[in-house]
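Enquirer: File input16.txt follows (compact mmCIF, C-alpha atoms):
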# COMPACT_ATOMS: atom_id res chain seq x y z
CA MET A 1 98.83 186.53 100.21
CA ALA A 2 102.19 184.91 99.69
CA THR A 3 100.55 181.61 98.77
CA ASP A 4 98.29 183.48 96.33
CA ILE A 5 101.28 184.88 94.45
CA GLN A 6 102.91 181.46 94.45
CA GLY A 7 99.70 179.96 93.10
CA ALA A 8 99.57 182.56 90.32
CA GLU A 9 103.21 181.85 89.45
CA LYS A 10 102.50 178.13 89.31
CA ALA A 11 99.74 178.72 86.79
CA LEU A 12 102.04 180.71 84.51
CA GLU A 13 105.07 178.42 84.69
CA LEU A 14 107.34 178.26 81.68
CA LYS A 15 106.61 175.11 79.74
CA PHE A 16 109.35 173.33 77.84
CA TYR A 17 108.22 170.79 75.29
CA PRO A 18 110.96 171.14 72.65
CA LEU A 19 110.36 167.71 71.15
CA ASP A 20 106.56 167.80 70.88
CA GLN A 21 106.82 169.25 67.39
CA PHE A 22 108.22 165.94 66.13
CA MET A 23 105.14 163.90 67.06
CA VAL A 24 103.75 161.82 64.22
CA GLU A 25 99.98 162.22 64.29
CA PRO A 26 97.21 161.01 61.99
CA LEU A 27 95.95 163.77 59.74
CA PHE A 28 92.29 162.76 60.03
CA GLY A 29 90.80 161.65 63.33
CA ASP A 30 93.05 160.35 66.08
CA GLY A 31 93.25 156.61 65.69
CA PRO A 32 96.45 154.58 65.98
CA VAL A 33 99.19 155.18 63.42
CA GLY A 34 99.44 152.13 61.18
CA LEU A 35 101.42 151.38 58.05
CA PHE A 36 99.05 153.17 55.71
CA THR A 37 97.71 155.93 57.98
CA VAL A 38 97.84 159.36 56.41
CA THR A 39 99.88 161.38 58.92
CA ASN A 40 101.42 164.82 59.04
CA VAL A 41 104.61 163.21 57.69
CA THR A 42 102.69 162.15 54.59
CA LEU A 43 101.30 165.64 54.17
CA TRP A 44 104.63 167.43 54.39
CA MET A 45 106.39 164.90 52.17
CA ALA A 46 103.66 165.36 49.58
CA LEU A 47 104.11 169.13 49.87
CA ALA A 48 107.86 168.72 49.31
CA VAL A 49 107.15 166.72 46.15
CA LEU A 50 104.61 169.32 44.99
CA ALA A 51 107.10 172.12 45.61
CA THR A 52 109.71 170.19 43.60
CA ILE A 53 107.26 169.78 40.73
CA GLY A 54 106.40 173.46 40.99
CA LEU A 55 110.02 174.55 40.75
CA LEU A 56 111.45 172.05 38.29
CA VAL A 57 108.50 171.21 36.02
CA LEU A 58 106.28 174.28 36.05
CA GLY A 59 109.17 176.67 36.61
CA THR A 60 111.10 175.52 33.56
CA SER A 61 108.11 174.74 31.31
CA GLY A 62 108.53 178.10 29.54
CA ARG A 63 111.98 177.04 28.24
CA ALA A 64 112.74 180.72 27.79
CA THR A 65 116.09 181.80 26.37
CA ILE A 66 116.07 184.61 28.89
CA PRO A 67 114.98 182.64 31.96
CA SER A 68 112.37 183.86 34.38
CA ARG A 69 113.27 183.97 38.06
CA MET A 70 111.83 180.51 38.73
CA GLN A 71 113.62 179.06 35.74
CA SER A 72 116.97 180.53 36.75
CA VAL A 73 116.64 179.12 40.27
CA ALA A 74 115.91 175.69 38.81
CA GLU A 75 118.81 175.97 36.37
CA LEU A 76 121.11 177.16 39.13
CA ALA A 77 120.24 174.16 41.32
CA TYR A 78 120.69 171.78 38.41
CA GLY A 79 124.04 173.23 37.38
CA PHE A 80 125.27 173.38 40.97
CA ILE A 81 124.64 169.70 41.68
CA ARG A 82 125.83 168.59 38.25
CA LYS A 83 129.14 170.37 38.75
CA MET A 84 129.47 168.89 42.24
CA VAL A 85 128.89 165.34 40.95
CA GLU A 86 131.49 165.90 38.24
CA ASP A 87 134.04 167.41 40.63
CA VAL A 88 133.67 164.94 43.49
CA ALA A 89 132.76 161.62 41.84
CA GLY A 90 134.13 162.19 38.34
CA LYS A 91 132.61 161.96 34.88
CA ASP A 92 131.82 158.25 35.37
CA ALA A 93 129.23 159.17 37.98
CA LEU A 94 127.12 161.33 35.66
CA PRO A 95 124.65 158.48 34.90
CA TYR A 96 123.78 158.63 38.60
CA PHE A 97 123.18 162.37 38.49
CA PRO A 98 119.34 162.15 38.32
CA TYR A 99 119.29 160.08 41.51
CA ILE A 100 121.65 162.41 43.35
CA PHE A 101 119.73 165.49 42.18
CA THR A 102 116.46 163.90 43.33
CA LEU A 103 117.95 163.26 46.76
CA PHE A 104 119.24 166.82 47.01
CA ILE A 105 116.01 168.50 45.93
CA PHE A 106 113.83 166.29 48.15
CA ILE A 107 115.97 166.89 51.25
CA LEU A 108 116.30 170.59 50.50
CA PHE A 109 112.55 171.09 50.15
CA SER A 110 111.79 168.95 53.21
CA ASN A 111 114.24 171.03 55.25
CA PHE A 112 112.98 174.36 53.97
CA LEU A 113 109.29 173.46 54.34
CA GLY A 114 110.02 172.33 57.88
CA LEU A 115 111.21 175.84 58.69
CA ILE A 116 107.73 177.29 58.18
CA PRO A 117 106.37 177.94 61.70
CA GLY A 118 103.95 175.17 62.62
CA ALA A 119 105.21 172.91 59.88
CA PHE A 120 106.47 169.38 60.35
CA THR A 121 110.09 168.58 59.47
CA THR A 122 110.03 165.17 57.83
CA THR A 123 113.83 164.97 57.67
CA SER A 124 114.06 165.30 61.46
CA HIS A 125 112.95 161.68 61.72
CA ILE A 126 115.62 159.01 61.55
CA ALA A 127 113.02 156.72 59.97
CA VAL A 128 112.90 159.02 56.94
CA THR A 129 116.61 159.74 56.64
CA ALA A 130 117.53 156.11 57.33
CA VAL A 131 115.55 155.02 54.28
CA LEU A 132 117.35 157.60 52.14
CA ALA A 133 120.74 156.56 53.56
CA MET A 134 120.04 152.84 53.17
CA MET A 135 119.04 153.40 49.55
CA VAL A 136 122.37 155.14 48.96
CA PHE A 137 124.26 152.41 50.81
CA LEU A 138 122.58 149.60 48.87
CA THR A 139 123.03 151.40 45.54
CA VAL A 140 126.71 151.96 46.22
CA THR A 141 127.32 148.39 47.38
CA VAL A 142 125.41 146.78 44.51
CA MET A 143 126.94 149.07 41.89
CA GLY A 144 130.37 148.48 43.39
CA PHE A 145 130.03 144.73 42.88
CA VAL A 146 128.41 145.14 39.45
CA ASN A 147 131.15 147.46 38.19
CA ASN A 148 134.18 145.84 39.79
CA GLY A 149 133.12 142.29 40.59
CA ALA A 150 134.88 140.69 43.52
CA ALA A 151 137.66 143.29 43.23
CA PHE A 152 135.35 145.67 45.08
CA VAL A 153 136.30 143.89 48.33
CA GLY A 154 139.88 145.00 47.63
CA MET A 155 138.77 148.47 48.70
CA PHE A 156 139.17 147.31 52.30
CA TRP A 157 142.76 146.19 51.72
CA VAL A 158 144.75 149.43 51.85
CA SER A 159 147.68 148.54 49.59
CA SER A 160 149.52 151.79 50.24
CA ALA A 161 149.96 151.00 53.97
CA PRO A 162 152.84 148.90 55.42
CA LEU A 163 152.08 145.18 55.25
CA ALA A 164 151.94 144.71 59.02
CA LEU A 165 149.29 147.39 59.39
CA ARG A 166 147.04 146.18 56.57
CA PRO A 167 144.94 143.61 58.52
CA VAL A 168 144.24 146.18 61.24
CA LEU A 169 143.33 148.80 58.67
CA ALA A 170 141.12 146.29 56.86
CA VAL A 171 139.08 145.77 60.03
CA ILE A 172 138.76 149.51 60.54
CA GLU A 173 137.78 150.03 56.90
CA VAL A 174 135.10 147.35 57.07
CA ILE A 175 133.63 148.83 60.24
CA SER A 176 133.67 152.36 58.84
CA TYR A 177 132.03 151.10 55.65
CA PHE A 178 129.10 149.64 57.54
CA VAL A 179 128.77 152.65 59.87
CA ARG A 180 128.26 154.86 56.80
CA PRO A 181 124.46 154.53 56.53
CA VAL A 182 124.15 155.12 60.28
CA SER A 183 126.18 158.32 60.35
CA HIS A 184 124.77 159.39 57.00
CA SER A 185 121.20 159.29 58.29
CA ILE A 186 121.80 160.46 61.84
CA ARG A 187 123.76 163.50 60.67
CA LEU A 188 120.80 164.88 58.75
CA ALA A 189 118.11 163.91 61.26
CA GLY A 190 120.16 165.04 64.25
CA ASN A 191 120.96 168.40 62.74
CA MET A 192 117.38 169.17 61.82
CA MET A 193 116.02 167.94 65.16
CA ALA A 194 118.62 169.83 67.22
CA GLY A 195 118.05 173.09 65.36
CA HIS A 196 114.28 172.98 65.70
CA ALA A 197 114.51 171.97 69.36
CA VAL A 198 116.80 174.95 70.07
CA VAL A 199 114.33 177.34 68.42
CA LYS A 200 111.56 175.83 70.53
CA VAL A 201 113.55 176.16 73.76
CA PHE A 202 114.14 179.85 73.09
CA ALA A 203 110.48 180.23 72.18
CA SER A 204 109.57 178.75 75.56
CA PHE A 205 111.57 181.50 77.27
CA ALA A 206 109.70 184.24 75.39
CA PRO A 207 106.59 184.47 77.63
CA MET A 208 108.82 185.23 80.66
CA ILE A 209 107.53 188.83 80.79
CA LEU A 210 104.06 187.51 81.70
CA ILE A 211 105.49 185.81 84.77
CA SER A 212 107.83 188.40 86.20
CA THR A 213 108.29 191.84 84.69
CA GLY A 214 111.69 192.28 86.34
CA ILE A 215 113.55 189.45 84.63
CA GLY A 216 111.11 189.29 81.75
CA ILE A 217 112.01 192.71 80.43
CA LEU A 218 115.51 191.34 79.78
CA VAL A 219 114.75 187.74 78.89
CA THR A 220 111.81 188.21 76.51
CA PRO A 221 113.51 190.53 73.98
CA MET A 222 116.70 188.49 74.22
CA SER A 223 114.89 185.24 73.48
CA ILE A 224 113.02 186.81 70.55
CA ILE A 225 116.32 188.06 69.10
CA ALA A 226 117.83 184.61 69.72
CA ILE A 227 114.92 182.92 67.88
CA THR A 228 115.53 185.21 64.90
CA ALA A 229 119.26 184.51 64.91
CA ILE A 230 118.90 180.75 65.30
CA TYR A 231 116.25 180.74 62.60
CA ALA A 232 118.64 182.46 60.19
CA LEU A 233 121.27 179.88 61.11
CA GLU A 234 118.74 177.12 60.50
CA VAL A 235 118.06 178.38 56.97
CA LEU A 236 121.78 178.02 56.33
CA VAL A 237 121.97 174.63 58.05
CA SER A 238 119.00 173.33 56.04
CA PHE A 239 120.85 174.05 52.82
CA ILE A 240 124.25 172.83 54.06
CA GLN A 241 122.86 169.55 55.37
CA ALA A 242 121.13 168.81 52.05
CA TYR A 243 124.41 169.66 50.34
CA VAL A 244 126.44 167.50 52.73
CA PHE A 245 124.08 164.55 52.27
CA THR A 246 124.47 164.69 48.49
CA ILE A 247 128.21 165.32 48.58
CA LEU A 248 128.71 162.27 50.80
CA THR A 249 126.56 160.27 48.39
CA CYS A 250 129.00 161.34 45.66
CA VAL A 251 131.99 160.36 47.80
CA TYR A 252 130.52 156.92 48.46
CA LEU A 253 129.62 156.54 44.80
CA LYS A 254 133.19 157.34 43.81
CA ASP A 255 134.34 154.36 45.93
CA ALA A 256 131.93 152.13 44.03
CA LEU A 257 133.07 153.34 40.62
CA SER A 258 136.83 153.37 41.28
CA PRO A 259 137.61 151.56 44.53
CA HIS A 260 141.39 152.08 44.38
CA HIS A 261 141.99 155.36 46.13
CA MET B 1 113.51 167.43 96.11
CA GLU B 2 111.62 164.99 93.98
CA GLY B 3 112.38 162.15 91.57
CA ASP B 4 114.65 159.25 92.28
CA ILE B 5 118.25 158.25 91.80
CA THR B 6 117.60 156.70 88.37
CA GLN B 7 116.31 160.00 87.08
CA MET B 8 119.30 161.78 88.55
CA GLY B 9 121.56 159.35 86.73
CA GLN B 10 119.72 160.03 83.48
CA PHE B 11 120.11 163.77 83.79
CA ILE B 12 123.77 163.62 84.81
CA GLY B 13 124.47 161.19 81.99
CA ALA B 14 122.70 163.40 79.45
CA GLY B 15 124.70 166.38 80.66
CA LEU B 16 127.96 164.45 80.42
CA ALA B 17 127.07 163.27 76.91
CA CYS B 18 126.81 166.89 75.84
CA VAL B 19 130.54 167.31 76.53
CA GLY B 20 131.02 165.42 73.27
CA MET B 21 129.44 168.30 71.38
CA GLY B 22 132.29 170.48 72.58
CA GLY B 23 134.67 168.02 70.97
CA ALA B 24 132.77 168.30 67.70
CA ALA B 25 132.95 172.09 67.98
CA ILE B 26 136.74 171.91 68.35
CA GLY B 27 136.93 169.54 65.40
CA VAL B 28 134.79 171.68 63.08
CA GLY B 29 136.68 174.80 64.15
CA ASN B 30 139.95 173.05 63.35
CA VAL B 31 138.79 172.04 59.90
CA VAL B 32 137.48 175.46 58.93
CA GLY B 33 140.38 177.32 60.54
CA ASN B 34 142.96 175.28 58.70
CA PHE B 35 141.00 175.60 55.48
CA LEU B 36 140.90 179.37 55.89
CA SER B 37 144.59 179.70 56.68
CA GLY B 38 145.39 177.58 53.64
CA ALA B 39 142.93 179.50 51.49
CA LEU B 40 144.49 182.84 52.44
CA ARG B 41 147.91 181.58 51.38
CA ASN B 42 146.65 180.41 48.01
CA PRO B 43 143.23 181.96 47.30
CA SER B 44 143.15 180.70 43.71
CA ALA B 45 143.13 177.07 44.85
CA ALA B 46 140.55 177.63 47.58
CA ALA B 47 137.39 177.54 45.46
CA GLY B 48 138.07 173.99 44.29
CA GLN B 49 138.49 172.71 47.83
CA THR B 50 135.30 173.95 49.50
CA ALA B 51 133.64 170.60 48.79
CA THR B 52 136.47 168.83 50.61
CA MET B 53 136.04 171.23 53.52
CA PHE B 54 132.35 170.38 53.77
CA ILE B 55 133.14 166.67 53.75
CA GLY B 56 135.60 167.25 56.60
CA ILE B 57 133.05 169.28 58.53
CA ALA B 58 130.41 166.60 58.01
CA PHE B 59 132.65 163.82 59.27
CA SER B 60 133.75 165.62 62.42
CA GLU B 61 130.29 166.96 63.07
CA ALA B 62 128.72 163.50 62.91
CA LEU B 63 130.39 162.53 66.18
CA GLY B 64 128.96 165.57 67.92
CA ILE B 65 125.54 164.58 66.62
CA PHE B 66 126.10 161.09 68.03
CA SER B 67 126.67 162.52 71.49
CA PHE B 68 123.56 164.68 71.12
CA LEU B 69 121.69 161.50 70.23
CA VAL B 70 123.02 159.73 73.32
CA ALA B 71 121.82 162.65 75.42
CA LEU B 72 118.37 162.50 73.83
CA LEU B 73 118.18 158.74 74.31
CA LEU B 74 119.07 159.10 77.96
CA MET B 75 116.46 161.79 78.46
CA PHE B 76 113.54 160.27 76.60
CA ALA B 77 114.15 156.65 75.66
CA VAL B 78 115.69 155.06 78.77
Mind converting the file's structure to structure tokens?
Expert:
Amino acid sequence: MATDIQGAEKALELKFYPLDQFMVEPLFGDGPVGLFTVTNVTLWMALAVLATIGLLVLGTSGRATIPSRMQSVAELAYGFIRKMVEDVAGKDALPYFPYIFTLFIFILFSNFLGLIPGAFTTTSHIAVTAVLAMMVFLTVTVMGFVNNGAAFVGMFWVSSAPLALRPVLAVIEVISYFVRPVSHSIRLAGNMMAGHAVVKVFASFAPMILISTGIGILVTPMSIIAITAIYALEVLVSFIQAYVFTILTCVYLKDALSPHH
Amino acid sequence: MEGDITQMGQFIGAGLACVGMGGAAIGVGNVVGNFLSGALRNPSAAAGQTATMFIGIAFSEALGIFSFLVALLLMFAV
């Protein structure tokens, strides 16, 4: 009898696979994933692009003086990022505004689409965010040298510090400059991955009531409430991380445009 | 009792790496707390500095994310 109950409990064990949702799988069939395989990443990236087109092209195509709801959302996003670029990086950075806005909208839609239950979060992969961060890093470095010539290297020589400290600071500045793409990409990917994994861990606690009614009657409602709360937090985090990614792009761009800070 | 000593090391290491997240929590709390106390002294200047606050949060949070990454690497990649 006792072994029977134990056997039944074994069958209904709680299963924790919080990271299974980040598996890259081919969309059609189940062959190996090559360079040009259409995977779920491709699908959700394409959906993010379609959603962007829907909001920014179709939403504003009316060009109404009194904007519709879609148009005002699009205008709000545009104005918000434009003001941020102006405030953080200065008027000189406005030629780069289309690039920064593209980054923001793509990351925002990838994050928000990833929040749909069962969806795939493309930005939770370092491979995706690393490409975005490397593009920013290369743009900033190249534009820094184009705009300032060799004087761009002077950014590492902190002229406001005491002379004895300057070589040490220069080393630190160089290291922190090259760590930028790493932290820039890992911040976004790590945040998205951690949030989704936490939701999944709480979701794994939810079927507790099927295993033991005694503990389950407490744990199951608590985990469902926790999923709701964490999900609300994730909506906020999705927006803030897209915002942080773009704001750091602006900060880096400011260095390239006027290296003497 | 199952598994071996390598696995035990992995789990202990992953747990220890998570201590770093506490450090990030202290850092982010510091940034926002100081921002708030400054903002309450001079509310008119606060709106212009929210961007700076987010930059500060992002920088201190990155190190917490690094420790989370180390934990994940220990659990799944080693």
Enquirer: Atom CA of B:Ala25 to atom CA of B:Ser60: how many Å, to one decimal?
Expert: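 Between atom CA of B:Ala25 and atom CA of B:Ser60 the gap is 8.6 Å.
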Enquirer: Could you list, with a cut-off of 7 Å and counting all atoms listed in the file, the residues of chain A near chain B, each shown with its nearest atom pair and the distance in Å rounded to one decimal, rows sorted by chain and ascending number, as a Markdown table?
Expert:
| residue | atom | partner | partner_atom | distance |
| --- | --- | --- | --- | --- |
| A:Ser183 | CA | B:Ala62 | CA | 6.3 |
| A:Arg187 | CA | B:Ala62 | CA | 5.4 |
| A:Gly190 | CA | B:Ile65 | CA | 5.9 |
| A:Val244 | CA | B:Phe54 | CA | 6.7 |
| A:Leu248 | CA | B:Ile55 | CA | 6.9 |
Enquirer: Please list as number ranges by chain every residue within 7 Å of A:Asn147, counting all atoms listed in the file and excluding residues in the same chain fewer than 3 positions away.
Expert: A: 143-144, 257
Enquirer: Of the candidates A:Ile81, A:Ile224, A:Cys250, A:Ala242, which shows the shortest atom-to-atom distance to A:Met208, using all atoms listed in the file?
Expert: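 Under the stated criterion, the closest residue is A:Ile224.
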Enquirer: Measuring between only C-alpha atoms, which one of A:Ile211, A:Met84, A:Met23, A:Ala256 shows the shortest distance to A:Phe145?
Expert: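 Looking at the shortest contact to A:Phe145, the residue is A:Ala256.
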Enquirer: What separation in Å, quoted to one decimal, exists between atom CA of A:Asn111 and atom CA of A:Ala48?
Expert: 9.0 Å
Enquirer: Record the distance separating atom CA of A:Phe101 and atom CA of A:Glu86, expressed in Å with one decimal.
Expert: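 About the pair atom CA of A:Phe101 and atom CA of A:Glu86: they are 12.4 Å apart.
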Enquirer: Using all atoms listed in the file and a cutoff of 12 Å, can you tell me which residues are near (116.7, 155.8, 78.4) in the file's coordinates, and write them out as a list in words?
Expert: Thr6, Gln7, Gly9, Gln10, Phe11, Gly13, Ala14, Leu69, Val70, Ala71, Leu72, Leu73, Leu74, Met75, Phe76, Ala77 and Val78 of chain B
Enquirer: I need the residue nearest A:Ser204 from this list: A:Ala64, A:Leu14, A:Ala89, A:Ala127. Use all atoms listed in the file for the distance.
Expert: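 Among the listed residues, A:Leu14 lies closest to A:Ser204.
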Enquirer: Neighbouring residues of stretch 52-57 of chain A were defined as those with any atom within 9 Å, considering all atoms listed in the file; residues of the same chain fewer than 3 positions away were excluded. Please report them as a PDB file with C-alpha atoms, keeping the file's coordinate frame.
Expert:
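Full text of result.pdb as output:
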ATOM      1  CA  LEU A  47     104.110 169.130  49.870  1.00  0.00           C
ATOM      2  CA  ALA A  48     107.860 168.720  49.310  1.00  0.00           C
ATOM      3  CA  VAL A  49     107.150 166.720  46.150  1.00  0.00           C
ATOM      4  CA  THR A  60     111.100 175.520  33.560  1.00  0.00           C
ATOM      5  CA  SER A  61     108.110 174.740  31.310  1.00  0.00           C
ATOM      6  CA  MET A  70     111.830 180.510  38.730  1.00  0.00           C
ATOM      7  CA  GLN A  71     113.620 179.060  35.740  1.00  0.00           C
ATOM      8  CA  VAL A  73     116.640 179.120  40.270  1.00  0.00           C
ATOM      9  CA  ALA A  74     115.910 175.690  38.810  1.00  0.00           C
ATOM     10  CA  GLU A  75     118.810 175.970  36.370  1.00  0.00           C
ATOM     11  CA  ILE A 105     116.010 168.500  45.930  1.00  0.00           C
ATOM     12  CA  PHE A 106     113.830 166.290  48.150  1.00  0.00           C
ATOM     13  CA  PHE A 109     112.550 171.090  50.150  1.00  0.00           C
TER      14      PHE A 109
END
Enquirer: Find the residue from A:Thr228, A:Gln241, A:Thr42, A:Ser212 that sits nearest to A:Val198; use only C-alpha atoms when measuring.
Expert: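 Once distances to A:Val198 are computed over only C-alpha atoms, the minimum belongs to A:Thr228.
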Enquirer: At a cut-off of 9 Å, using only C-alpha atoms, what residues contact stretch 130-132 of chain A? Leave out same-chain residues fewer than 4 positions from it and give the result as a PDB file with C-alpha atoms, in the coordinates of the input.
Expert:
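So selection-v6.pdb came out as:
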ATOM      1  CA  LEU A 103     117.950 163.260  46.760  1.00  0.00           C
ATOM      2  CA  HIS A 125     112.950 161.680  61.720  1.00  0.00           C
ATOM      3  CA  ILE A 126     115.620 159.010  61.550  1.00  0.00           C
ATOM      4  CA  VAL A 136     122.370 155.140  48.960  1.00  0.00           C
ATOM      5  CA  PHE A 137     124.260 152.410  50.810  1.00  0.00           C
ATOM      6  CA  PRO A 181     124.460 154.530  56.530  1.00  0.00           C
ATOM      7  CA  VAL A 182     124.150 155.120  60.280  1.00  0.00           C
ATOM      8  CA  HIS A 184     124.770 159.390  57.000  1.00  0.00           C
ATOM      9  CA  SER A 185     121.200 159.290  58.290  1.00  0.00           C
ATOM     10  CA  ILE A 186     121.800 160.460  61.840  1.00  0.00           C
ATOM     11  CA  ALA A 189     118.110 163.910  61.260  1.00  0.00           C
TER      12      ALA A 189
END
Enquirer: Applying 8 Å and only C-alpha atoms, which residues near A:Val251 remain after dropping the ones on its own chain fewer than 4 positions away? List them as JSON, numbers by chain.
Expert: {"A": [88, 89, 247, 255]}
Enquirer: Would you please work out which residue, of A:Val179, A:Ala133, A:Val85, A:Ala203, is nearest to A:Ile107 when using only C-alpha atoms?
Expert: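 Distance minimum relative to A:Ile107 lands on A:Ala133.
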Enquirer: From the options A:Phe36, A:Ser258, A:Phe104, A:Ala194, which residue's atoms come nearest to A:Asn148, counting only C-alpha atoms?
Expert: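 Residue with the minimum atom-to-atom distance to A:Asn148: A:Ser258.
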Enquirer: Identify the residues around (137.9, 180.9, 54.7) within a radius of 12 Å, measuring from all atoms listed in the file in the coordinates stated by the file, and give them as a ChimeraX atom specification.
Expert: /B:29-43,45-47,49-50,53-54
